[in-house]
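K.L.:
query_3.cif is the file, holding mmCIF, C-alpha atoms:
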```
data_entry
#
loop_
_atom_site.label_atom_id
_atom_site.label_comp_id
_atom_site.auth_asym_id
_atom_site.auth_seq_id
_atom_site.Cartn_x
_atom_site.Cartn_y
_atom_site.Cartn_z
CA MET A 1 109.04 -138.88 -84.40
CA ILE A 2 106.73 -140.04 -87.17
CA SER A 3 106.01 -143.60 -88.11
CA SER A 4 109.54 -144.71 -88.65
CA ASP A 5 108.97 -148.21 -90.00
CA ILE A 6 107.93 -146.91 -93.41
CA ILE A 7 110.87 -144.55 -93.45
CA ARG A 8 113.28 -147.22 -92.33
CA GLY A 9 112.43 -149.23 -95.43
CA HIS A 10 113.71 -146.35 -97.54
CA LEU A 11 116.74 -145.25 -95.56
CA ASP A 12 119.12 -146.54 -98.19
CA ALA A 13 117.43 -144.43 -100.85
CA ILE A 14 117.22 -141.37 -98.60
CA ILE A 15 120.91 -141.46 -97.81
CA LEU A 16 121.78 -142.24 -101.39
CA ARG A 17 119.85 -139.15 -102.43
CA LEU A 18 121.81 -136.94 -100.05
CA ILE A 19 125.11 -138.34 -101.28
CA TYR A 20 123.86 -137.90 -104.85
CA GLU A 21 123.50 -134.16 -104.27
CA LYS A 22 127.04 -133.78 -102.99
CA ASP A 23 129.78 -135.82 -101.37
CA CYS A 24 129.03 -136.04 -97.65
CA TYR A 25 130.44 -137.43 -94.45
CA GLY A 26 128.37 -139.15 -91.77
CA TYR A 27 127.73 -136.34 -89.31
CA GLU A 28 126.83 -134.01 -92.16
CA ILE A 29 124.18 -136.43 -93.41
CA ALA A 30 122.68 -136.88 -89.95
CA ASN A 31 122.42 -133.09 -89.62
CA GLU A 32 121.04 -132.67 -93.12
CA ILE A 33 118.25 -135.15 -92.37
CA ILE A 34 117.32 -133.32 -89.16
CA ASP A 35 117.36 -129.94 -90.92
CA ARG A 36 115.32 -130.95 -93.92
CA THR A 37 112.66 -132.69 -91.87
CA ASN A 38 112.50 -129.86 -89.32
CA ASN A 39 113.43 -132.25 -86.54
CA GLU A 40 110.61 -134.64 -87.48
CA PHE A 41 113.01 -137.46 -88.26
CA LYS A 42 116.35 -138.26 -86.71
CA ILE A 43 118.59 -141.05 -87.81
CA LYS A 44 120.58 -142.89 -85.20
CA GLU A 45 124.29 -142.74 -85.98
CA ALA A 46 124.64 -146.49 -85.56
CA THR A 47 121.96 -147.04 -88.22
CA LEU A 48 123.61 -144.53 -90.52
CA TYR A 49 126.94 -146.35 -90.47
CA ALA A 50 125.23 -149.67 -91.10
CA VAL A 51 123.61 -148.13 -94.19
CA PHE A 52 127.01 -146.84 -95.36
CA GLN A 53 128.50 -150.30 -95.02
CA ARG A 54 125.65 -151.83 -96.96
CA LEU A 55 125.77 -149.26 -99.75
CA VAL A 56 129.53 -149.59 -100.07
CA LYS A 57 129.24 -153.35 -100.25
CA LYS A 58 126.66 -153.06 -103.03
CA GLU A 59 129.04 -150.62 -104.76
CA LEU A 60 126.41 -147.90 -104.81
CA ILE A 61 128.73 -145.47 -103.02
CA GLU A 62 132.46 -145.29 -102.33
CA SER A 63 134.41 -143.56 -99.61
CA TYR A 64 137.54 -141.44 -99.49
CA LEU A 65 139.35 -139.52 -96.77
CA GLY A 66 139.04 -135.75 -96.71
CA ASP A 67 141.27 -133.14 -95.14
CA ILE A 68 142.23 -133.27 -91.51
CA SER A 69 139.66 -131.65 -89.28
CA LEU A 70 138.37 -132.05 -85.76
CA GLY A 71 139.44 -135.34 -84.25
CA GLY A 72 140.88 -136.85 -87.43
CA ARG A 73 140.13 -137.07 -91.12
CA ARG A 74 136.55 -137.01 -92.29
CA ARG A 75 135.51 -139.98 -94.37
CA TYR A 76 133.47 -138.72 -97.31
CA TYR A 77 131.15 -140.74 -99.51
CA ARG A 78 130.50 -140.26 -103.18
CA ILE A 79 127.87 -141.94 -105.33
CA THR A 80 128.86 -144.34 -108.11
CA ASN A 81 127.20 -144.76 -111.49
CA LEU A 82 125.57 -147.90 -110.19
CA GLY A 83 124.31 -145.85 -107.24
CA ARG A 84 122.71 -143.30 -109.56
CA ALA A 85 120.94 -146.00 -111.50
CA TYR A 86 119.80 -147.65 -108.28
CA LEU A 87 118.48 -144.35 -106.94
CA ASN A 88 116.48 -143.72 -110.12
CA GLU A 89 115.01 -147.18 -109.86
CA GLU A 90 114.13 -146.66 -106.19
CA ILE A 91 112.42 -143.36 -106.95
CA ARG A 92 110.38 -144.96 -109.70
CA ASN A 93 109.40 -147.77 -107.34
CA TRP A 94 108.44 -145.29 -104.68
CA HIS A 95 106.20 -143.34 -107.07
CA ASN A 96 104.41 -146.51 -108.08
CA ALA A 97 103.90 -147.61 -104.51
CA ARG A 98 102.83 -144.16 -103.41
CA ASP A 99 100.22 -143.93 -106.16
CA ILE A 100 98.77 -147.29 -105.26
CA ILE A 101 98.72 -146.63 -101.52
CA ASN A 102 97.20 -143.20 -102.09
CA ILE A 103 94.24 -144.77 -103.87
CA PHE A 104 93.27 -146.33 -100.56
CA MET A 105 94.63 -143.88 -98.02
CA GLU A 106 93.47 -140.56 -99.43
CA GLY A 107 90.00 -139.03 -99.53
CA LEU A 108 88.72 -140.39 -96.25
CA GLN A 109 88.60 -138.46 -93.02
CA MET B 1 141.86 -140.62 -75.96
CA ASN B 2 138.65 -139.06 -74.67
CA GLU B 3 135.34 -140.51 -73.43
CA ILE B 4 133.89 -140.75 -76.93
CA ASP B 5 136.85 -142.73 -78.22
CA MET B 6 136.66 -145.11 -75.30
CA TYR B 7 132.91 -145.54 -75.62
CA ILE B 8 133.11 -146.43 -79.30
CA ILE B 9 136.09 -148.75 -78.89
CA LYS B 10 134.24 -150.54 -76.10
CA LEU B 11 131.09 -150.78 -78.21
CA PHE B 12 132.99 -152.47 -81.04
CA GLU B 13 135.13 -154.66 -78.86
CA ASP B 14 133.49 -157.98 -79.76
CA ILE B 15 133.75 -157.40 -83.52
CA PRO B 16 136.91 -159.14 -84.72
CA GLU B 17 139.80 -156.86 -85.67
CA SER B 18 140.09 -155.93 -89.34
CA ASN B 19 141.05 -152.96 -91.47
CA ARG B 20 137.44 -152.31 -92.16
CA LYS B 21 136.58 -152.26 -88.46
CA ASN B 22 139.41 -149.82 -87.73
CA GLU B 23 138.26 -147.58 -90.53
CA ILE B 24 134.71 -147.41 -89.32
CA VAL B 25 135.74 -146.91 -85.68
CA GLN B 26 137.94 -143.98 -86.74
CA GLU B 27 135.13 -142.59 -88.85
CA ILE B 28 132.58 -142.76 -86.04
CA ILE B 29 134.97 -141.29 -83.49
CA GLN B 30 135.74 -138.40 -85.80
CA ASN B 31 132.07 -137.70 -86.51
CA LEU B 32 131.02 -137.93 -82.86
CA ASN B 33 133.81 -135.64 -81.73
CA GLU B 34 132.67 -133.14 -84.30
CA LYS B 35 129.14 -133.46 -82.99
CA VAL B 36 130.29 -132.92 -79.43
CA SER B 37 132.19 -129.78 -80.29
CA ASP B 38 129.18 -128.45 -82.23
CA LEU B 39 127.00 -129.06 -79.18
CA VAL B 40 129.54 -127.31 -76.98
CA LEU B 41 129.57 -124.37 -79.39
CA ASN B 42 125.82 -124.19 -78.99
CA GLY B 43 126.18 -123.69 -75.28
CA GLN B 44 126.11 -127.15 -73.69
CA THR B 45 128.75 -128.26 -71.26
CA ARG B 46 131.20 -130.85 -72.49
CA GLU B 47 129.70 -133.50 -70.19
CA GLN B 48 126.17 -132.85 -71.48
CA ALA B 49 127.39 -132.92 -75.05
CA ILE B 50 129.16 -136.24 -74.62
CA LYS B 51 126.17 -137.76 -72.88
CA LYS B 52 123.88 -136.63 -75.70
CA ALA B 53 126.21 -137.93 -78.39
CA VAL B 54 126.42 -141.30 -76.65
CA ASP B 55 122.67 -141.50 -75.98
CA ASP B 56 121.79 -140.62 -79.58
CA PHE B 57 124.20 -143.12 -81.02
CA GLY B 58 121.86 -146.11 -80.88
CA ASP B 59 122.72 -149.79 -80.81
CA ILE B 60 125.05 -151.37 -83.32
CA ASP B 61 123.15 -154.60 -84.02
CA ASP B 62 122.64 -153.65 -87.67
CA LEU B 63 126.29 -152.79 -88.02
CA LYS B 64 127.31 -156.05 -86.40
CA ARG B 65 125.15 -157.91 -88.87
CA GLU B 66 126.84 -156.17 -91.78
CA PHE B 67 130.17 -157.21 -90.33
CA SER B 68 129.32 -160.81 -89.57
CA ASP B 69 127.88 -161.24 -93.09
CA SER B 70 131.11 -160.19 -94.70
CA THR B 71 133.37 -162.02 -92.27
CA ARG B 72 131.39 -165.18 -92.91
CA LEU B 73 131.86 -164.67 -96.63
CA ALA B 74 135.60 -164.24 -96.22
CA GLU B 75 135.77 -167.25 -93.96
CA SER B 76 133.93 -169.51 -96.37
CA LYS B 77 136.30 -168.42 -99.12
CA ARG B 78 139.24 -169.31 -96.90
CA ASN B 79 137.65 -172.63 -96.04
CA GLY B 80 137.12 -173.33 -99.73
CA LEU B 81 140.80 -172.68 -100.40
CA SER B 82 142.04 -174.97 -97.65
CA LEU B 83 139.61 -177.62 -98.85
CA ALA B 84 141.04 -177.43 -102.37
CA PHE B 85 144.55 -177.59 -100.94
CA SER B 86 143.74 -180.65 -98.85
CA ILE B 87 142.18 -182.46 -101.81
CA TRP B 88 145.14 -181.82 -104.12
CA GLY B 89 147.60 -182.51 -101.33
CA GLY B 90 145.84 -185.77 -100.50
CA ILE B 91 145.77 -186.92 -104.12
CA LEU B 92 149.47 -186.14 -104.63
CA ILE B 93 150.66 -187.91 -101.48
CA ILE B 94 148.53 -190.98 -102.14
CA ALA B 95 149.77 -191.08 -105.75
CA LEU B 96 153.33 -190.98 -104.45
CA PHE B 97 152.74 -193.91 -102.12
CA LEU B 98 151.00 -195.78 -104.93
CA PHE B 99 154.03 -195.30 -107.17
CA ILE B 100 156.55 -196.35 -104.51
CA ASN B 101 154.46 -199.36 -103.63
CA PHE B 102 154.18 -200.73 -107.13
CA TYR B 103 157.59 -199.68 -108.34
CA TYR B 104 159.66 -201.13 -105.50
CA THR B 105 157.51 -203.78 -103.86
CA PRO B 106 154.94 -204.86 -106.43
CA ASP B 107 154.35 -208.12 -104.56
CA ILE B 108 153.03 -206.59 -101.36
CA ILE B 109 150.18 -204.12 -101.35
CA TRP B 110 150.78 -201.73 -98.48
CA PHE B 111 149.89 -198.30 -99.91
CA VAL B 112 146.33 -198.65 -98.55
CA TYR B 113 147.53 -197.93 -95.01
CA PRO B 114 149.10 -194.53 -95.67
CA ALA B 115 146.24 -193.78 -98.08
CA PHE B 116 143.77 -194.61 -95.33
CA ALA B 117 145.52 -192.24 -92.94
CA ILE B 118 145.81 -189.41 -95.45
CA ILE B 119 142.29 -189.52 -96.79
CA TRP B 120 140.94 -188.28 -93.45
CA TRP B 121 142.53 -184.92 -94.11
CA PRO B 122 140.51 -183.88 -97.20
CA MET B 123 137.48 -185.66 -95.80
CA THR B 124 137.35 -183.66 -92.58
CA MET B 125 138.06 -180.46 -94.52
CA CYS B 126 135.21 -181.28 -96.85
CA PHE B 127 132.73 -181.76 -94.02
CA GLN B 128 133.93 -178.69 -92.21
CA TRP B 129 133.53 -176.62 -95.36
CA TYR B 130 130.02 -177.95 -95.90
CA ARG B 131 129.02 -177.34 -92.31
CA LYS B 132 130.28 -173.76 -92.36
CA LYS B 133 128.79 -172.99 -95.73
CA TYR B 134 125.29 -174.32 -95.19
CA GLU B 135 125.28 -174.12 -91.38
CA VAL B 136 123.97 -177.64 -90.98
CA SER B 137 125.10 -180.47 -88.78
CA VAL B 138 127.24 -183.01 -90.63
CA GLY B 139 127.78 -185.40 -87.72
CA PHE B 140 125.74 -188.21 -89.23
CA ALA B 141 127.22 -187.94 -92.72
CA PHE B 142 130.69 -187.78 -91.24
CA SER B 143 130.12 -190.90 -89.15
CA VAL B 144 128.78 -192.80 -92.17
CA CYS B 145 131.81 -191.88 -94.27
CA SER B 146 134.18 -192.81 -91.46
CA PHE B 147 132.35 -196.08 -91.02
CA VAL B 148 132.70 -196.90 -94.71
CA LEU B 149 136.40 -196.03 -94.64
CA ILE B 150 137.25 -198.08 -91.58
CA ILE B 151 135.22 -201.06 -92.73
CA GLY B 152 136.81 -200.77 -96.17
CA LEU B 153 140.21 -201.06 -94.57
CA MET B 154 139.14 -204.02 -92.40
CA LEU B 155 137.65 -205.72 -95.44
CA PHE B 156 140.88 -205.26 -97.34
CA ILE B 157 143.00 -206.68 -94.52
CA ASN B 158 140.60 -209.56 -94.08
CA ILE B 159 140.46 -210.56 -97.73
CA TYR B 160 144.11 -209.87 -98.49
CA TYR B 161 145.65 -211.76 -95.59
CA THR B 162 143.09 -214.25 -94.32
CA PRO B 163 140.61 -214.86 -97.13
CA LYS B 164 139.55 -218.14 -95.57
CA ILE B 165 138.33 -216.67 -92.27
CA ILE B 166 135.73 -213.96 -92.33
CA TRP B 167 136.25 -211.84 -89.25
CA PHE B 168 135.55 -208.32 -90.49
CA VAL B 169 131.90 -208.51 -89.37
CA TYR B 170 133.06 -208.10 -85.76
CA PRO B 171 134.56 -204.66 -86.27
CA VAL B 172 131.50 -203.81 -88.38
CA PHE B 173 129.36 -204.69 -85.42
CA ALA B 174 131.49 -202.61 -83.10
CA ILE B 175 131.70 -199.54 -85.29
CA ILE B 176 128.15 -199.43 -86.61
CA TRP B 177 127.05 -198.01 -83.27
CA TRP B 178 128.67 -194.74 -84.18
CA PRO B 179 126.54 -193.83 -87.23
CA LEU B 180 123.51 -195.37 -85.54
CA ALA B 181 123.96 -193.20 -82.48
CA MET B 182 124.41 -190.12 -84.66
CA PHE B 183 121.30 -191.00 -86.61
CA PHE B 184 119.10 -191.32 -83.56
CA HIS B 185 120.64 -188.25 -82.02
CA ASP B 186 119.68 -186.25 -85.12
CA LEU B 187 116.19 -187.73 -85.08
CA ARG B 188 115.69 -186.76 -81.47
CA GLN B 189 116.97 -183.27 -82.13
CA LYS B 190 114.58 -182.94 -85.01
CA SER B 191 111.54 -184.11 -83.09
CA ARG B 192 112.44 -181.71 -80.30
CA GLU B 193 112.53 -178.85 -82.81
CA ASP B 194 109.17 -179.96 -84.21
CA VAL B 195 107.62 -179.84 -80.76
CA GLU B 196 108.89 -176.32 -80.25
#
```
What would the structure in this file look like if it were written as structure tokens?

P.N.:
Amino acid sequence: MISSDIIRGHLDAIILRLIYEKDCYGYEIANEIIDRTNNEFKIKEATLYAVFQRLVKKELIESYLGDISLGGRRRYYRITNLGRAYLNEEIRNWHNARDIINIFMEGLQ
Amino acid sequence: MNEIDMYIIKLFEDIPESNRKNEIVQEIIQNLNEKVSDLVLNGQTREQAIKKAVDDFGDIDDLKREFSDSTRLAESKRNGLSLAFSIWGGILIIALFLFINFYYTPDIIWFVYPAFAIIWWPMTMCFQWYRKKYEVSVGFAFSVCSFVLIIGLMLFINIYYTPKIIWFVYPVFAIIWWPLAMFFHDLRQKSREDVE
């Protein structure tokens, strides 16, 4: 597992991005994160649901129940317009921060 | 109900019941069951799969914080409403006594006694609301207000019935120990926190 503190600060944006691409339910997102990072980063389910709660409260995403499947109905999340705007803003912030940090972190070795 | 269901319900047991809690418990149970059956499909035994799902779940401190934030918000809203109700209720009842007093027995002033009793209602609500909202101790402020109220009543009785003899200083002397004690208690608490 790679330095997770930096990632943890951007979990909201990461999850928002995945929901932005398509409506997802919790387990799907957890899997998607593992797949895309080739097992480098795993999100704990408990953390994931805390992020959902926070994003819903900020009205960045909203939830709805899907069709019946294994063990009950899946709860899907979809991004709101506010969520899209927030995600854009977060990405811009990240680019700025990355550029600044790169100035000092790159080129040595 | 299977092991996953029971594990999650147990994990959430000290979060107060609400629709939102039920929703999220259902959601987690559904997702974990799906995970377990995926793991089983990939060749693990059911026991292994359940153990892995439970081990990977993590602790729910963050989730609890999300919940307590919003329950506190709801609670302070409720407190605000009952405060407003107590203030309006208090005003109305006192106004009624005031009217009865001066309409039927204008020669004797007695409405202060029921007013004195009723005013404690909005007053305690007010302090409770403040304490919950800002999470500070209101013991000292409450004792000062109570002191002023009680002494006000004593002063009224003294001056209204026996203006020639001043006796209200004795109850003042007796009751002033209350705010004083609260004051020094707060001071001591504060100095203890400073040391830490």

K.L.:
Restrict the distance test to only C-alpha atoms, flag each residue of chain A within 8 Å of chain B, and return the flagged residues as a list of chain:residue names.

P.N.:
A:Gly26, A:Tyr27, A:Lys44, A:Glu45, A:Ala46, A:Thr47, A:Tyr49, A:Ala50, A:Gln53, A:Arg54, A:Leu70, A:Gly71, A:Gly72, A:Arg73, A:Arg74, A:Arg75

K.L.:
How many Å lie between atom CA of B:Glu193 and atom CA of B:Gln128, rounded to one decimal?

P.N.:
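Taking atom CA of B:Glu193 as the start and atom CA of B:Gln128 as the end point, the length is 23.4 Å.
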
K.L.:
Taking all atoms listed in the file into account, name the residue in B:Ala95, B:Ser76, B:Ile175, B:Ser191 that is nearest to B:Arg131.

P.N.:
B:Ser76

K.L.:
Under the rule that only C-alpha atoms are counted, which of A:Ile61, A:Ile19, A:Ile6, A:Ile29 is the nearest residue to A:Asn81?

P.N.:
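Among the listed residues, the smallest separation from A:Asn81 belongs to A:Ile61.
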
K.L.:
One decimal, in Å: what's the spacing between atom CA of A:Leu82 and atom CA of A:Val56?

P.N.:
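Computed distance, atom CA of A:Leu82 to atom CA of A:Val56, equals 11.0 Å.
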
K.L.:
Which residue, A:Arg17, A:Arg78, A:Lys22, A:Arg36, has the smallest gap to A:Tyr64 when you use only C-alpha atoms?

P.N.:
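Counting only C-alpha atoms, the residue closest to A:Tyr64 is A:Arg78.
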
K.L.:
Record the distance separating atom CA of B:Arg72 and atom CA of B:Asp14, expressed in Å with one decimal.

P.N.:
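If I compute the distance from atom CA of B:Arg72 to atom CA of B:Asp14, I get 15.1 Å.
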
K.L.:
Can you work out which one of B:Ile50, B:Leu92, B:Val172, B:Leu41 has the shortest atom-to-atom distance to B:Met6, counting only C-alpha atoms?

P.N.:
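Looking only at the distances to B:Met6, the closest residue turns out to be B:Ile50.
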
K.L.:
When the PyMOL selection byres ((chain A and resi 87) around 10) is applied to the file above, which residues end up in the set, as a list of chain:residue names?

P.N.:
A:Asp12, A:Ala13, A:Ile14, A:Ile15, A:Leu16, A:Arg17, A:Tyr20, A:Leu60, A:Ile79, A:Asn81, A:Leu82, A:Gly83, A:Arg84, A:Ala85, A:Tyr86, A:Asn88, A:Glu89, A:Glu90, A:Ile91, A:Arg92, A:Asn93

K.L.:
Counting only C-alpha atoms, write as a PyMOL selection string all protein and nucleic acid residues lying at most 7 Å from (151.6, -200.7, -102.6) in the file's frame.

P.N.:
chain B and resi 97-98+100-102+105-106+108-112

K.L.:
Could you name the residues that touch A:Phe41 at 12 Å or less, counting only C-alpha atoms, but leaving out those on the same chain fewer than 4 positions away, as a list of chain:residue names?

P.N.:
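Listed by chain and then number, they are A:Met1, A:Ile2, A:Ser3, A:Ser4, A:Asp5, A:Ile6, A:Ile7, A:Arg8, A:Leu11, A:Ile14, A:Ala30, A:Asn31, A:Glu32, A:Ile33, A:Ile34, A:Asp35, A:Arg36, A:Thr37.
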